[in-house]
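J.: To be precise about what I am sending: the file is called work-v5.cif and holds mmCIF, C-alpha atoms.
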```cif
data_structure
#
loop_
_atom_site.label_atom_id
_atom_site.label_comp_id
_atom_site.auth_asym_id
_atom_site.auth_seq_id
_atom_site.Cartn_x
_atom_site.Cartn_y
_atom_site.Cartn_z
CA MET B 1 0.00 0.00 0.00
CA MET B 2 1.39 3.37 -0.95
CA LEU B 3 0.85 6.77 0.55
CA ARG B 4 -0.98 8.99 -1.92
CA ASN B 5 -1.56 12.25 -0.12
CA ALA B 6 2.11 13.13 0.21
CA GLY B 7 3.80 14.78 -2.69
CA SER B 8 6.58 12.24 -2.69
CA ASP B 9 6.73 8.49 -2.37
CA ARG B 10 10.19 8.68 -0.88
CA GLY B 11 10.27 7.14 2.59
CA SER B 12 7.00 5.28 2.24
CA GLY B 13 8.90 2.09 1.55
CA THR B 14 10.79 2.51 4.80
CA LEU B 15 7.53 3.09 6.66
CA LEU B 16 6.01 0.01 5.07
CA ALA B 17 9.09 -2.03 5.94
CA LEU B 18 9.03 -0.78 9.53
CA GLY B 19 5.38 -1.73 9.79
CA VAL B 20 6.04 -5.21 8.48
CA LEU B 21 9.07 -5.62 10.75
CA GLY B 22 7.10 -4.42 13.77
CA ALA B 23 4.26 -6.82 13.06
CA VAL B 24 6.62 -9.75 12.54
CA ALA B 25 8.56 -8.91 15.71
CA LEU B 26 5.33 -8.62 17.73
CA ALA B 27 4.09 -11.94 16.36
CA ALA B 28 7.46 -13.54 17.18
CA MET B 29 7.31 -12.29 20.77
CA LEU B 30 3.73 -13.53 21.24
CA LEU B 31 4.78 -16.87 19.78
CA ALA B 32 7.75 -17.05 22.13
CA GLY B 33 5.46 -16.43 25.10
CA VAL B 34 3.06 -19.17 24.06
CA ALA B 35 5.95 -21.53 23.30
CA GLY B 36 7.45 -20.90 26.74
CA ALA B 37 4.13 -21.68 28.40
CA VAL B 38 3.70 -24.87 26.37
CA ALA B 39 7.23 -26.00 27.24
CA ALA B 40 6.69 -25.23 30.94
CA HIS B 41 3.43 -27.18 30.92
CA GLY B 42 5.12 -30.13 29.23
CA ARG B 43 7.74 -30.18 31.94
CA ALA B 44 5.11 -29.86 34.69
CA GLN B 45 3.20 -32.76 33.12
CA GLY B 46 6.29 -34.93 33.18
CA VAL B 47 6.89 -34.15 36.84
CA ALA B 48 3.19 -34.70 37.62
CA ASP B 49 3.32 -38.18 36.06
CA LEU B 50 6.40 -38.94 38.08
CA ALA B 51 4.99 -37.56 41.34
CA ALA B 52 1.74 -39.52 40.94
CA LEU B 53 3.66 -42.70 40.18
CA GLY B 54 6.04 -42.23 43.11
CA ALA B 55 3.13 -41.49 45.43
CA ALA B 56 1.26 -44.57 44.16
CA TYR B 57 4.27 -46.72 45.03
CA GLN B 58 4.29 -45.11 48.46
CA ALA B 59 0.55 -45.78 48.82
CA ARG B 60 1.09 -49.41 47.87
CA ASP B 61 3.87 -49.77 50.45
CA ALA B 62 1.81 -47.96 53.10
CA ARG B 63 -1.14 -50.26 52.46
CA ALA B 64 1.13 -53.28 52.68
CA MET B 65 2.16 -52.11 56.13
CA GLY B 66 -1.46 -51.52 57.12
CA ASP B 67 -1.13 -47.76 57.06
CA GLY B 68 -4.10 -46.16 55.38
CA GLY B 69 -2.94 -42.60 55.94
CA THR B 70 -2.50 -40.22 53.06
CA SER B 71 0.16 -38.00 54.61
CA THR B 72 3.22 -40.12 53.71
CA VAL B 73 1.77 -40.63 50.22
CA CYS B 74 1.40 -36.93 49.55
CA THR B 75 4.77 -36.25 51.16
CA ALA B 76 6.30 -38.57 48.58
CA ALA B 77 4.56 -36.63 45.80
CA SER B 78 5.68 -33.33 47.27
CA GLU B 79 9.29 -34.50 47.49
CA VAL B 80 9.27 -35.35 43.78
CA ALA B 81 7.84 -31.91 42.99
CA VAL B 82 10.41 -30.10 45.12
CA ALA B 83 13.26 -32.15 43.63
CA ASN B 84 12.18 -30.87 40.22
CA SER B 85 11.69 -27.24 41.29
CA VAL B 86 7.91 -27.20 40.93
CA MET B 87 5.09 -27.16 43.46
CA LEU B 88 2.58 -29.82 44.45
CA SER B 89 -0.69 -27.90 44.58
CA GLU B 90 -3.11 -30.78 45.10
CA CYS B 91 -2.90 -34.40 46.22
CA VAL B 92 -5.83 -36.79 46.65
CA VAL B 93 -5.50 -40.43 47.67
CA THR B 94 -8.44 -42.83 47.40
CA MET B 95 -9.12 -45.73 49.75
CA THR B 96 -7.76 -48.14 47.13
CA GLY B 97 -4.49 -46.23 46.84
CA VAL B 98 -5.11 -44.30 43.62
CA VAL B 99 -3.27 -40.98 43.76
CA THR B 100 -4.26 -37.85 41.87
CA VAL B 101 -1.81 -34.94 41.92
CA ALA B 102 -1.69 -31.45 40.51
CA ILE B 103 1.67 -29.85 39.81
CA GLN B 104 1.98 -26.11 39.50
CA ALA B 105 4.87 -24.54 37.60
CA GLN B 106 5.71 -20.89 37.11
CA VAL B 107 5.64 -19.39 33.64
CA LEU B 108 6.43 -15.81 32.66
CA ALA B 109 3.20 -14.14 33.72
CA GLY B 110 1.53 -16.69 35.93
CA SER B 111 1.48 -20.42 36.45
CA THR B 112 0.40 -23.60 34.72
CA THR B 113 -1.10 -26.69 36.34
CA ALA B 114 -0.64 -30.27 35.20
CA TRP B 115 -2.67 -33.21 36.52
CA ALA B 116 -1.73 -36.86 36.76
CA ARG B 117 -3.24 -39.96 38.29
CA ALA B 118 -1.60 -43.26 39.18
CA GLY B 119 -2.37 -46.36 41.18
CA ASN B 120 -4.41 -49.49 40.96
CA ASP B 121 -8.20 -49.37 41.13
CA ARG B 122 -8.38 -53.09 41.83
CA PRO B 123 -6.92 -53.69 45.29
CA GLU B 124 -7.15 -57.48 45.02
CA GLN B 125 -4.59 -57.26 42.22
CA VAL B 126 -2.33 -55.11 44.38
CA VAL B 127 -2.51 -57.70 47.13
CA ARG B 128 -1.69 -60.47 44.69
CA GLU B 129 1.27 -58.57 43.32
CA LEU B 130 2.51 -57.82 46.81
CA ALA B 131 2.58 -61.49 47.83
CA PRO B 132 6.10 -62.07 46.47
CA PRO B 133 8.28 -58.97 46.81
CA THR B 134 8.20 -58.08 43.13
CA ARG B 135 10.34 -55.28 41.80
CA LYS B 136 8.25 -54.68 38.73
CA PRO B 137 4.61 -53.82 39.21
CA ASP B 138 3.07 -52.80 35.91
CA GLY B 139 5.38 -50.51 33.96
CA GLY B 140 4.21 -46.94 34.11
CA SER B 141 5.09 -45.95 30.58
CA GLY B 142 2.62 -44.80 27.98
CA MET A 1 19.93 2.45 -19.34
CA LYS A 2 19.21 6.15 -18.88
CA ARG A 3 19.75 8.03 -15.68
CA ARG A 4 16.66 9.87 -14.65
CA GLY A 5 18.16 12.63 -12.60
CA LEU A 6 17.38 13.42 -8.99
CA GLU A 7 13.83 14.76 -9.32
CA GLY A 8 11.90 11.56 -9.86
CA ASP A 9 10.83 9.24 -7.02
CA GLY A 10 10.51 6.32 -9.36
CA GLY A 11 11.99 3.21 -7.81
CA ALA A 12 12.62 4.79 -4.40
CA VAL A 13 10.04 2.60 -2.70
CA THR A 14 11.44 -0.47 -4.39
CA ILE A 15 14.95 0.34 -3.22
CA GLU A 16 13.82 1.09 0.31
CA LEU A 17 11.97 -2.22 0.46
CA ALA A 18 14.98 -3.99 -1.02
CA LEU A 19 17.15 -2.55 1.74
CA ALA A 20 14.65 -3.57 4.42
CA LEU A 21 14.28 -7.10 3.10
CA PRO A 22 17.41 -8.46 4.81
CA SER A 23 15.94 -7.42 8.18
CA VAL A 24 12.77 -9.34 7.43
CA VAL A 25 14.82 -12.35 6.40
CA ALA A 26 16.92 -12.03 9.56
CA ILE A 27 13.84 -11.95 11.80
CA LEU A 28 12.42 -14.92 9.94
CA GLY A 29 15.71 -16.70 10.56
CA PHE A 30 15.51 -15.94 14.29
CA VAL A 31 11.94 -17.26 14.44
CA LEU A 32 12.90 -20.48 12.67
CA ALA A 33 15.96 -20.90 14.90
CA GLY A 34 13.77 -20.33 17.95
CA ALA A 35 11.30 -22.94 16.75
CA ALA A 36 14.11 -25.45 16.23
CA TRP A 37 15.45 -24.73 19.71
CA LEU A 38 11.98 -25.10 21.24
CA ARG A 39 11.61 -28.46 19.55
CA ALA A 40 14.98 -29.58 20.94
CA ASP A 41 13.96 -28.34 24.40
CA MET A 42 10.66 -30.23 24.31
CA VAL A 43 12.34 -33.41 23.08
CA ALA A 44 14.92 -33.12 25.88
CA THR A 45 12.16 -32.58 28.47
CA HIS A 46 10.11 -35.49 27.16
CA ALA A 47 13.14 -37.78 27.05
CA ALA A 48 14.26 -36.85 30.58
CA ALA A 49 10.76 -37.16 32.07
CA SER A 50 10.06 -40.49 30.38
CA ALA A 51 13.47 -41.84 31.40
CA ALA A 52 12.92 -40.70 35.00
CA ARG A 53 9.60 -42.55 35.03
CA ILE A 54 11.29 -45.69 33.74
CA ALA A 55 14.02 -45.25 36.38
CA LEU A 56 11.28 -45.38 39.02
CA THR A 57 9.35 -48.33 37.58
CA ASP A 58 12.22 -50.28 36.03
CA SER A 59 15.95 -49.55 36.26
CA ALA A 60 18.49 -46.82 35.63
CA SER A 61 20.02 -48.64 32.67
CA GLU A 62 16.61 -49.11 31.05
CA ALA A 63 15.98 -45.40 31.71
CA GLU A 64 19.09 -44.46 29.77
CA ALA A 65 18.00 -46.65 26.86
CA VAL A 66 14.57 -44.98 26.81
CA ALA A 67 16.11 -41.49 26.87
CA ARG A 68 18.43 -42.48 24.02
CA ARG A 69 15.54 -43.80 21.96
CA ILE A 70 13.55 -40.58 22.40
CA ALA A 71 16.34 -38.00 22.16
CA GLY A 72 18.34 -39.66 19.39
CA ASP A 73 22.02 -40.40 18.86
CA ALA A 74 23.20 -36.79 19.02
CA ALA A 75 21.97 -36.22 22.56
CA ARG A 76 24.20 -36.41 25.63
CA ILE A 77 22.50 -38.42 28.36
CA VAL A 78 23.66 -38.66 31.96
CA VAL A 79 21.81 -40.91 34.41
CA ASP A 80 23.06 -40.33 37.91
CA THR A 81 22.02 -42.27 41.03
CA ASP A 82 22.69 -40.43 44.24
CA GLY A 83 21.22 -40.66 47.72
CA GLY A 84 17.88 -42.23 46.93
CA TRP A 85 17.34 -40.17 43.79
CA VAL A 86 17.95 -40.84 40.13
CA SER A 87 18.55 -37.77 38.00
CA VAL A 88 18.31 -37.96 34.23
CA GLN A 89 19.93 -35.17 32.25
CA VAL A 90 19.39 -34.92 28.50
CA VAL A 91 21.36 -32.35 26.48
CA MET A 92 20.44 -31.74 22.86
CA PRO A 93 23.45 -30.07 21.20
CA GLY A 94 22.46 -26.92 19.33
CA ALA A 95 23.31 -26.76 15.63
CA ALA A 96 25.65 -24.01 14.39
CA LEU A 97 25.46 -21.01 16.74
CA MET A 98 22.45 -22.28 18.67
CA PRO A 99 22.77 -22.94 22.39
CA ASP A 100 22.27 -26.46 23.73
CA ALA A 101 18.82 -27.40 24.96
CA GLN A 102 18.92 -29.37 28.17
CA ALA A 103 16.47 -30.86 30.64
CA THR A 104 16.99 -32.60 33.96
CA VAL A 105 14.32 -34.59 35.79
CA ARG A 106 14.85 -36.21 39.17
CA ALA A 107 12.95 -39.28 40.28
CA PRO A 108 13.01 -41.12 43.59
CA ALA A 109 15.16 -44.25 43.22
CA GLN A 110 13.32 -47.51 43.02
CA GLN A 111 12.64 -48.99 46.46
#
```
Give the structure from this file in structure tokens form.
T.:
Amino acid sequence: MMLRNAGSDRGSGTLLALGVLGAVALAAMLLAGVAGAVAAHGRAQGVADLAALGAAYQARDARAMGDGGTSTVCTAASEVAVANSVMLSECVVTMTGVVTVAIQAQVLAGSTTAWARAGNDRPEQVVRELAPPTRKPDGGSG
Amino acid sequence: MKRRGLEGDGGAVTIELALALPSVVAILGFVLAGAAWLRADMVATHAAASAARIALTDSASEAEAVARRIAGDAARIVVDTDGGWVSVQVVMPGAALMPDAQATVRAPAQQ
């Protein structure tokens, strides 16, 4: 688009170029912000998976020792969060030892929360697996 | 080709745009480089987190294999067991002038 009201076209190309550059730079900065948030959430999700899994192991061990309390379970989840420089914002343990955690991580202008859930909904299977001291419950991948 | 003299503006806009074009290309280059770095960062994070999970459910050696499979041959992977914790560090070397992208995830060692 060219300027028509001015007597000369000289300089309009520079203006146009500055406009384009400004728009591209603004878009790049917005993109960088979104990308940073997505990356931070991905990391929080990874830690959340890990914290839930670690807490579920703790819940299994606690149940094996006849301890139905949730405090050691959530402490285990919190320790995983702290070790990875994020915060455990929520931790719920069911009677059957299923752990749901929320991990909160800081991003530039706020925070992002990632949820994860681990454990076994069928306690009879947990008991069966506990009978011999197995080192591999079901693999937590996927 | 005839010279037109100094009065005419013909071509001025074209020349100004031509001069500005390298800046646009440079910014585009930065954006593409940033996208490549972000990808490396996310791959490193995913590899480290997945490996840490495997370290908890399986073993440290299996964790290293998983991180290698996800991050590829170029990545530097360090699995360190220390005081009840396993830390998995994945470093994706940056191409050309790009900085490395690295991620470290710590998991409680298998009981």
J.: Taking 6 positions as the minimum chain separation for residues in the same chain, which residues sit within 8 Å of range 28-36 of chain B when counting all atoms listed in the file? Answer as a count of residues only.
T.: 4
J.: Write out as CSV a residue-level contact list of chain A versus chain B with cut-off 7 Å: for each qualifying residue the closest pair of atoms and the distance in Å to one decimal, counting only C-alpha atoms, rows sorted by chain and residue number upward.
T.:
```
residue,atom,partner,partner_atom,distance
A:Asp9,CA,B:Arg10,CA,6.2
A:Ala12,CA,B:Arg10,CA,5.8
A:Val13,CA,B:Gly13,CA,4.4
A:Thr14,CA,B:Gly13,CA,6.9
A:Glu16,CA,B:Gly13,CA,5.2
A:Leu17,CA,B:Gly13,CA,5.4
A:Ala20,CA,B:Ala17,CA,6.0
A:Val24,CA,B:Leu21,CA,6.2
A:Val31,CA,B:Ala28,CA,6.4
A:Met42,CA,B:Ala39,CA,6.2
A:Thr45,CA,B:Arg43,CA,6.1
A:Ala49,CA,B:Gly46,CA,5.1
A:Arg53,CA,B:Leu50,CA,5.7
A:Ile54,CA,B:Ser141,CA,7.0
A:Thr57,CA,B:Gly139,CA,5.8
A:Asp58,CA,B:Lys136,CA,6.5
A:Val105,CA,B:Asn84,CA,6.2
A:Arg106,CA,B:Asn84,CA,6.1
A:Ala107,CA,B:Val80,CA,6.4
A:Pro108,CA,B:Val80,CA,6.9
```
J.: Can you spit out the residues from that selection as a compact mmCIF listing (two decimals), in the coordinates of the input, using C-alpha atoms?
T.:
```
# COMPACT_ATOMS: atom_id res chain seq x y z
CA ASP A 9 10.83 9.24 -7.02
CA ALA A 12 12.62 4.79 -4.40
CA VAL A 13 10.04 2.60 -2.70
CA THR A 14 11.44 -0.47 -4.39
CA GLU A 16 13.82 1.09 0.31
CA LEU A 17 11.97 -2.22 0.46
CA ALA A 20 14.65 -3.57 4.42
CA VAL A 24 12.77 -9.34 7.43
CA VAL A 31 11.94 -17.26 14.44
CA MET A 42 10.66 -30.23 24.31
CA THR A 45 12.16 -32.58 28.47
CA ALA A 49 10.76 -37.16 32.07
CA ARG A 53 9.60 -42.55 35.03
CA ILE A 54 11.29 -45.69 33.74
CA THR A 57 9.35 -48.33 37.58
CA ASP A 58 12.22 -50.28 36.03
CA VAL A 105 14.32 -34.59 35.79
CA ARG A 106 14.85 -36.21 39.17
CA ALA A 107 12.95 -39.28 40.28
CA PRO A 108 13.01 -41.12 43.59
```
J.: Can you tell me, as a short mmCIF file (atom, residue, chain, number, x, y, z; two decimals) with C-alpha atoms, in the coordinates of the input, which residues sit within 12 Å of (22.5, -35.9, 16.9) in the file's frame, using only C-alpha atoms?
T.:
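Okay, result.cif is ready:
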```cif
data_model
loop_
_atom_site.label_atom_id
_atom_site.label_comp_id
_atom_site.auth_asym_id
_atom_site.auth_seq_id
_atom_site.Cartn_x
_atom_site.Cartn_y
_atom_site.Cartn_z
CA ALA A 40 14.98 -29.58 20.94
CA ARG A 68 18.43 -42.48 24.02
CA ARG A 69 15.54 -43.80 21.96
CA ILE A 70 13.55 -40.58 22.40
CA ALA A 71 16.34 -38.00 22.16
CA GLY A 72 18.34 -39.66 19.39
CA ASP A 73 22.02 -40.40 18.86
CA ALA A 74 23.20 -36.79 19.02
CA ALA A 75 21.97 -36.22 22.56
CA ARG A 76 24.20 -36.41 25.63
CA ILE A 77 22.50 -38.42 28.36
CA VAL A 91 21.36 -32.35 26.48
CA MET A 92 20.44 -31.74 22.86
CA PRO A 93 23.45 -30.07 21.20
CA GLY A 94 22.46 -26.92 19.33
CA ALA A 95 23.31 -26.76 15.63
CA ASP A 100 22.27 -26.46 23.73
#
```
J.: Interatomic distance between CA of Thr96 in chain B and CA of Ala118 in chain B?
T.: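 Between CA of Thr96 in chain B and CA of Ala118 in chain B the gap is 11.2 Å.
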J.: For the atom pair CA of Glu90 in chain B and CA of Ala105 in chain B, what is the interatomic distance in Å to one decimal place?
T.: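 If I compute the distance from CA of Glu90 in chain B to CA of Ala105 in chain B, I get 12.6 Å.
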J.: I would like the residues chosen by the PyMOL selection byres ((chain A and resi 79) around 10) on the shown file; could you give them as a ChimeraX atom specification?
T.: /A:48,51-52,55,60-61,63-64,67,77-78,80-82,86-90,104-106
J.: Within 8 Å of Ala56 in chain B, counting all atoms listed in the file, which residues show up once you throw out same-chain ones fewer than 6 positions away? Write them as a PyMOL selection string, please.
T.: chain B and resi 73+97-99+118-119
J.: Figure out the distance between CA of Thr94 in chain B and CA of Ser71 in chain B, please, to one decimal in Å.
T.: 12.2 Å
